[in-house]
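K.L.:
Take a look at this one; I'll ask things after.
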Amino acid sequence: MNGPSTGLLEPSPPLAPRGGGGGPPSGGSGRGDGGRESGGAGRRELPLTNARLLLMLALMASTMLFAGLIGAFLVLRKATPIWPPEGSPPLPEWLGWNCALAVASSAALLVAHVAQRRGRGGAMKAGLVVGTLLAGAFLALQWFGWQELRAAGFLPRSSNYGGNFWLLTSLHFAHAAAGLLLLLRASVLALRGYLIDRMGPSVEIAAVSWHFIDVAWIVIYFALHA
């Protein structure tokens with residue numbers, strides 16, 4: 001009697017892969033997902049955010065408004081033989097003091113803006129607080145200066161000169177009040193410990209808006225003294 005066959009106990013030879021070659025099947029390698037990865041890496045954040053776009057549009061509209069009014073004022077100035085009209089009080093000294101406050105506030109906000117970009121939270125807070133206080137002083141000085149002009153009888157209905165003076169300064173006061181609100185918001189966020197990396201839009205919008213307001217005031221100052 002023959003011995004038991006061991007053929008069933010021996011391992012079967014490995015099957016040859018179909019299609020030849022031992023490489024991975026087509027479309028199944030790690031590089032196969034490269035299309036999705038390259039598509040995600042190709043996405044870039046737009047440099048112009050909605051906040052920046054809105055700020056640009058607002059500044060463009062305000063620039064055209066101030067340019068038209070200041071231009072009309074200068075045309076009236078050149079067409080009038082006696083300027084300012086007789087009986088008009090001299091331009092108050094607080095106009096010049098407000099120019100100094102404008103320059104100082106812009107300098108403080110420039111420090112805050114640069115400090116935020118460099119991750120220096122303490123300097124950013126200090127610049128925002130100082131700039132906001134100077135902006136508040138700017139508005140307070142203009143308000144009390146108006147009261148002195150009213151007491152002296154220099155009103156919008158006094159003359160064309162008075163009407164243009166009050167129009168330009170009142171329009172600028174409205175812009176400065178809106179700018180002060182932006183500064184207050186940014187200052188409160190900074191003092192409450194808001195993340196410095198997320199303070200960029202608030203600091204940028206507040207600082208750039210106030211820089212524009214300061215430049216507009218300086219232009220108005222020289223236009224009134226032309």
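Chain identifiers are assigned as A, B, and so on, following the order in which chains appear in the structure tokens; residues are numbered from 1 within each chain, and ligands are numbered from 1 in order of appearance.
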Leaving out range 110-122 of chain A and any residue of its chain fewer than 6 positions from it, which residues lie within 9 Å of it when counting only C-alpha atoms, given as a list of chain:residue names?

P.N.:
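Everything that qualifies: A:Leu128, A:Gly131, A:Ala190, A:Leu195, A:Ile196, A:Asp197, A:Met199, A:Gly200, A:Val203, A:Glu204, A:Ala207, A:Val208, A:His211.
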
K.L.:
Keeping only C-alpha atoms, take the residues you just selected and write them out as a PDB file, in the first residue's frame.

P.N.:
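Below is the file that was written, again_34.pdb:
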```pdb
ATOM      1  CA  LEU A 128      -4.913 102.692  19.924  1.00  0.00           C
ATOM      2  CA  GLY A 131      -4.930 107.777  19.194  1.00  0.00           C
ATOM      3  CA  ALA A 190      -7.706  95.308  22.196  1.00  0.00           C
ATOM      4  CA  LEU A 195      -6.344  87.909  19.775  1.00  0.00           C
ATOM      5  CA  ILE A 196      -3.759  90.162  18.167  1.00  0.00           C
ATOM      6  CA  ASP A 197      -3.707  88.050  15.010  1.00  0.00           C
ATOM      7  CA  MET A 199      -7.151  92.463  15.293  1.00  0.00           C
ATOM      8  CA  GLY A 200      -5.785  93.249  11.834  1.00  0.00           C
ATOM      9  CA  VAL A 203      -6.956  98.233  13.468  1.00  0.00           C
ATOM     10  CA  GLU A 204      -6.449  98.752   9.743  1.00  0.00           C
ATOM     11  CA  ALA A 207      -6.340 103.735  11.420  1.00  0.00           C
ATOM     12  CA  VAL A 208      -6.755 104.282   7.670  1.00  0.00           C
ATOM     13  CA  HIS A 211      -5.612 109.107   8.548  1.00  0.00           C
TER      14      HIS A 211
END
```

K.L.:
Neighbouring residues of Leu91 in chain A were defined as those with any atom within 10 Å, considering only C-alpha atoms; residues of the same chain fewer than 2 positions away were excluded. Please report them as JSON, numbers by chain.

P.N.:
{"A": [84, 88, 89, 93, 94, 95, 96, 149, 165, 221, 224, 225]}

K.L.:
Mind dumping the selected residues with N, CA and C atoms as a PDB file, in the first residue's frame?

P.N.:
```
ATOM      1  N   PRO A  84     -11.904 137.728   3.869  1.00  0.00           N
ATOM      2  CA  PRO A  84     -13.327 137.437   4.144  1.00  0.00           C
ATOM      3  C   PRO A  84     -14.166 138.694   4.135  1.00  0.00           C
ATOM      4  N   SER A  88     -16.714 139.871   9.283  1.00  0.00           N
ATOM      5  CA  SER A  88     -16.474 138.469   9.657  1.00  0.00           C
ATOM      6  C   SER A  88     -15.359 138.396  10.691  1.00  0.00           C
ATOM      7  N   PRO A  89     -15.507 137.569  11.703  1.00  0.00           N
ATOM      8  CA  PRO A  89     -14.441 137.453  12.713  1.00  0.00           C
ATOM      9  C   PRO A  89     -13.237 136.745  12.119  1.00  0.00           C
ATOM     10  N   GLU A  93      -8.138 130.333  16.550  1.00  0.00           N
ATOM     11  CA  GLU A  93      -6.851 129.653  16.730  1.00  0.00           C
ATOM     12  C   GLU A  93      -7.010 128.144  16.886  1.00  0.00           C
ATOM     13  N   TRP A  94      -8.198 127.685  17.304  1.00  0.00           N
ATOM     14  CA  TRP A  94      -8.356 126.257  17.524  1.00  0.00           C
ATOM     15  C   TRP A  94      -8.262 125.457  16.229  1.00  0.00           C
ATOM     16  N   LEU A  95      -8.389 126.109  15.087  1.00  0.00           N
ATOM     17  CA  LEU A  95      -8.191 125.392  13.830  1.00  0.00           C
ATOM     18  C   LEU A  95      -6.769 124.852  13.729  1.00  0.00           C
ATOM     19  N   GLY A  96      -5.804 125.676  14.134  1.00  0.00           N
ATOM     20  CA  GLY A  96      -4.417 125.228  14.114  1.00  0.00           C
ATOM     21  C   GLY A  96      -4.133 124.166  15.175  1.00  0.00           C
ATOM     22  N   LEU A 149     -17.829 130.716  18.260  1.00  0.00           N
ATOM     23  CA  LEU A 149     -18.229 131.387  17.023  1.00  0.00           C
ATOM     24  C   LEU A 149     -19.711 131.752  17.059  1.00  0.00           C
ATOM     25  N   PHE A 165     -17.888 127.954   5.584  1.00  0.00           N
ATOM     26  CA  PHE A 165     -17.098 127.547   6.739  1.00  0.00           C
ATOM     27  C   PHE A 165     -17.838 126.498   7.555  1.00  0.00           C
ATOM     28  N   TYR A 221      -8.014 123.287   6.427  1.00  0.00           N
ATOM     29  CA  TYR A 221      -7.339 124.377   7.146  1.00  0.00           C
ATOM     30  C   TYR A 221      -6.625 125.315   6.161  1.00  0.00           C
ATOM     31  N   LEU A 224      -9.139 127.332   4.030  1.00  0.00           N
ATOM     32  CA  LEU A 224      -9.743 128.458   4.744  1.00  0.00           C
ATOM     33  C   LEU A 224      -8.753 129.629   4.880  1.00  0.00           C
ATOM     34  N   HIS A 225      -7.470 129.345   4.909  1.00  0.00           N
ATOM     35  CA  HIS A 225      -6.476 130.400   5.035  1.00  0.00           C
ATOM     36  C   HIS A 225      -5.907 130.857   3.693  1.00  0.00           C
TER      37      HIS A 225
END
```

K.L.:
Which of these residues is nearest to Asn98 in chain A, using only C-alpha atoms: A:Leu182, A:Val130, A:Ala137, A:Val215?

P.N.:
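Looking at the shortest contact to Asn98 in chain A, the residue is A:Ala137.
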
K.L.:
Per DSSP on the backbone, what are the helix (DSSP H, G or I) residues of range 25-183 of chain A, as a PyMOL selection string?

P.N.:
chain A and resi 30-41+50-79+94-117+121-151+160-183

K.L.:
Could you list, as a VMD selection string, every residue within 12 Å of Leu181 in chain A, counting only C-alpha atoms and ignoring same-chain residues fewer than 4 positions away?

P.N.:
chain A and resid 132 to 133 135 to 136 139 174 to 177 185 to 188 202 205 to 207 209 to 210

K.L.:
Next, dump the selected residues to file, keeping only C-alpha atoms, as a PDB file, in the first residue's frame.

P.N.:
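And here is the file that came out, selection.pdb:
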```pdb
ATOM      1  CA  THR A 132      -8.516 107.442  20.414  1.00  0.00           C
ATOM      2  CA  LEU A 133      -7.993 109.984  23.195  1.00  0.00           C
ATOM      3  CA  ALA A 135      -9.317 111.932  18.347  1.00  0.00           C
ATOM      4  CA  GLY A 136     -11.771 112.649  21.149  1.00  0.00           C
ATOM      5  CA  LEU A 139     -13.824 116.612  18.334  1.00  0.00           C
ATOM      6  CA  ALA A 174     -19.539 114.032  11.000  1.00  0.00           C
ATOM      7  CA  HIS A 175     -16.726 112.043   9.396  1.00  0.00           C
ATOM      8  CA  ALA A 176     -14.555 112.472  12.494  1.00  0.00           C
ATOM      9  CA  ALA A 177     -17.364 111.244  14.746  1.00  0.00           C
ATOM     10  CA  ARG A 185     -14.392  99.701  18.815  1.00  0.00           C
ATOM     11  CA  ALA A 186     -10.809  98.731  18.023  1.00  0.00           C
ATOM     12  CA  SER A 187      -9.589  99.993  21.402  1.00  0.00           C
ATOM     13  CA  VAL A 188     -12.239  98.073  23.328  1.00  0.00           C
ATOM     14  CA  SER A 202     -10.267  96.409  13.014  1.00  0.00           C
ATOM     15  CA  ILE A 205      -9.934 100.152   9.073  1.00  0.00           C
ATOM     16  CA  ALA A 206      -9.861 102.448  12.111  1.00  0.00           C
ATOM     17  CA  ALA A 207      -6.340 103.735  11.420  1.00  0.00           C
ATOM     18  CA  SER A 209     -10.116 106.010   8.178  1.00  0.00           C
ATOM     19  CA  TRP A 210      -8.640 108.391  10.735  1.00  0.00           C
TER      20      TRP A 210
END
```

K.L.:
Would you mind listing what lies within 10 Å of Arg77 in chain A as a count of residues only, with only C-alpha atoms counted and same-chain residues fewer than 6 positions away left out?

P.N.:
8

K.L.:
Grab the CA of Ala151 in chain A to CA of Ile82 in chain A distance for me, in Å with one decimal place.

P.N.:
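CA of Ile82 in chain A lies at a distance of 24.0 Å from CA of Ala151 in chain A.
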
K.L.:
What gap, in Å, lies between CA of Leu171 in chain A and CA of Val129 in chain A?

P.N.:
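That distance, rounded to one decimal, is 24.9 Å.
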
K.L.:
May I ask which of the residues A:Leu191, A:Ser159, A:Trp217, A:Met56 is the closest one to Phe173 in chain A, counting only C-alpha atoms?

P.N.:
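Closest residue, counting only C-alpha atoms: A:Trp217.
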
K.L.:
Counting only C-alpha atoms, which residues in range 75-185 of chain A sit no more than 10 Å from range 62-69 of chain A? For each one, give the nearest pair of atoms and the distance in Å, sorted by chain then residue number, as JSON lines.

P.N.:
```
{"residue": "A:Val75", "atom": "CA", "partner": "A:Leu69", "partner_atom": "CA", "distance": 9.9}
{"residue": "A:Asn164", "atom": "CA", "partner": "A:Leu69", "partner_atom": "CA", "distance": 8.4}
{"residue": "A:Leu167", "atom": "CA", "partner": "A:Leu69", "partner_atom": "CA", "distance": 8.6}
{"residue": "A:Leu168", "atom": "CA", "partner": "A:Leu69", "partner_atom": "CA", "distance": 7.3}
{"residue": "A:Leu171", "atom": "CA", "partner": "A:Phe66", "partner_atom": "CA", "distance": 8.6}
{"residue": "A:His172", "atom": "CA", "partner": "A:Phe66", "partner_atom": "CA", "distance": 8.7}
{"residue": "A:His175", "atom": "CA", "partner": "A:Ser62", "partner_atom": "CA", "distance": 8.8}
```

K.L.:
Suppose you want the space between CA of Arg198 in chain A and CA of Met124 in chain A; what is it in Å?

P.N.:
12.7 Å
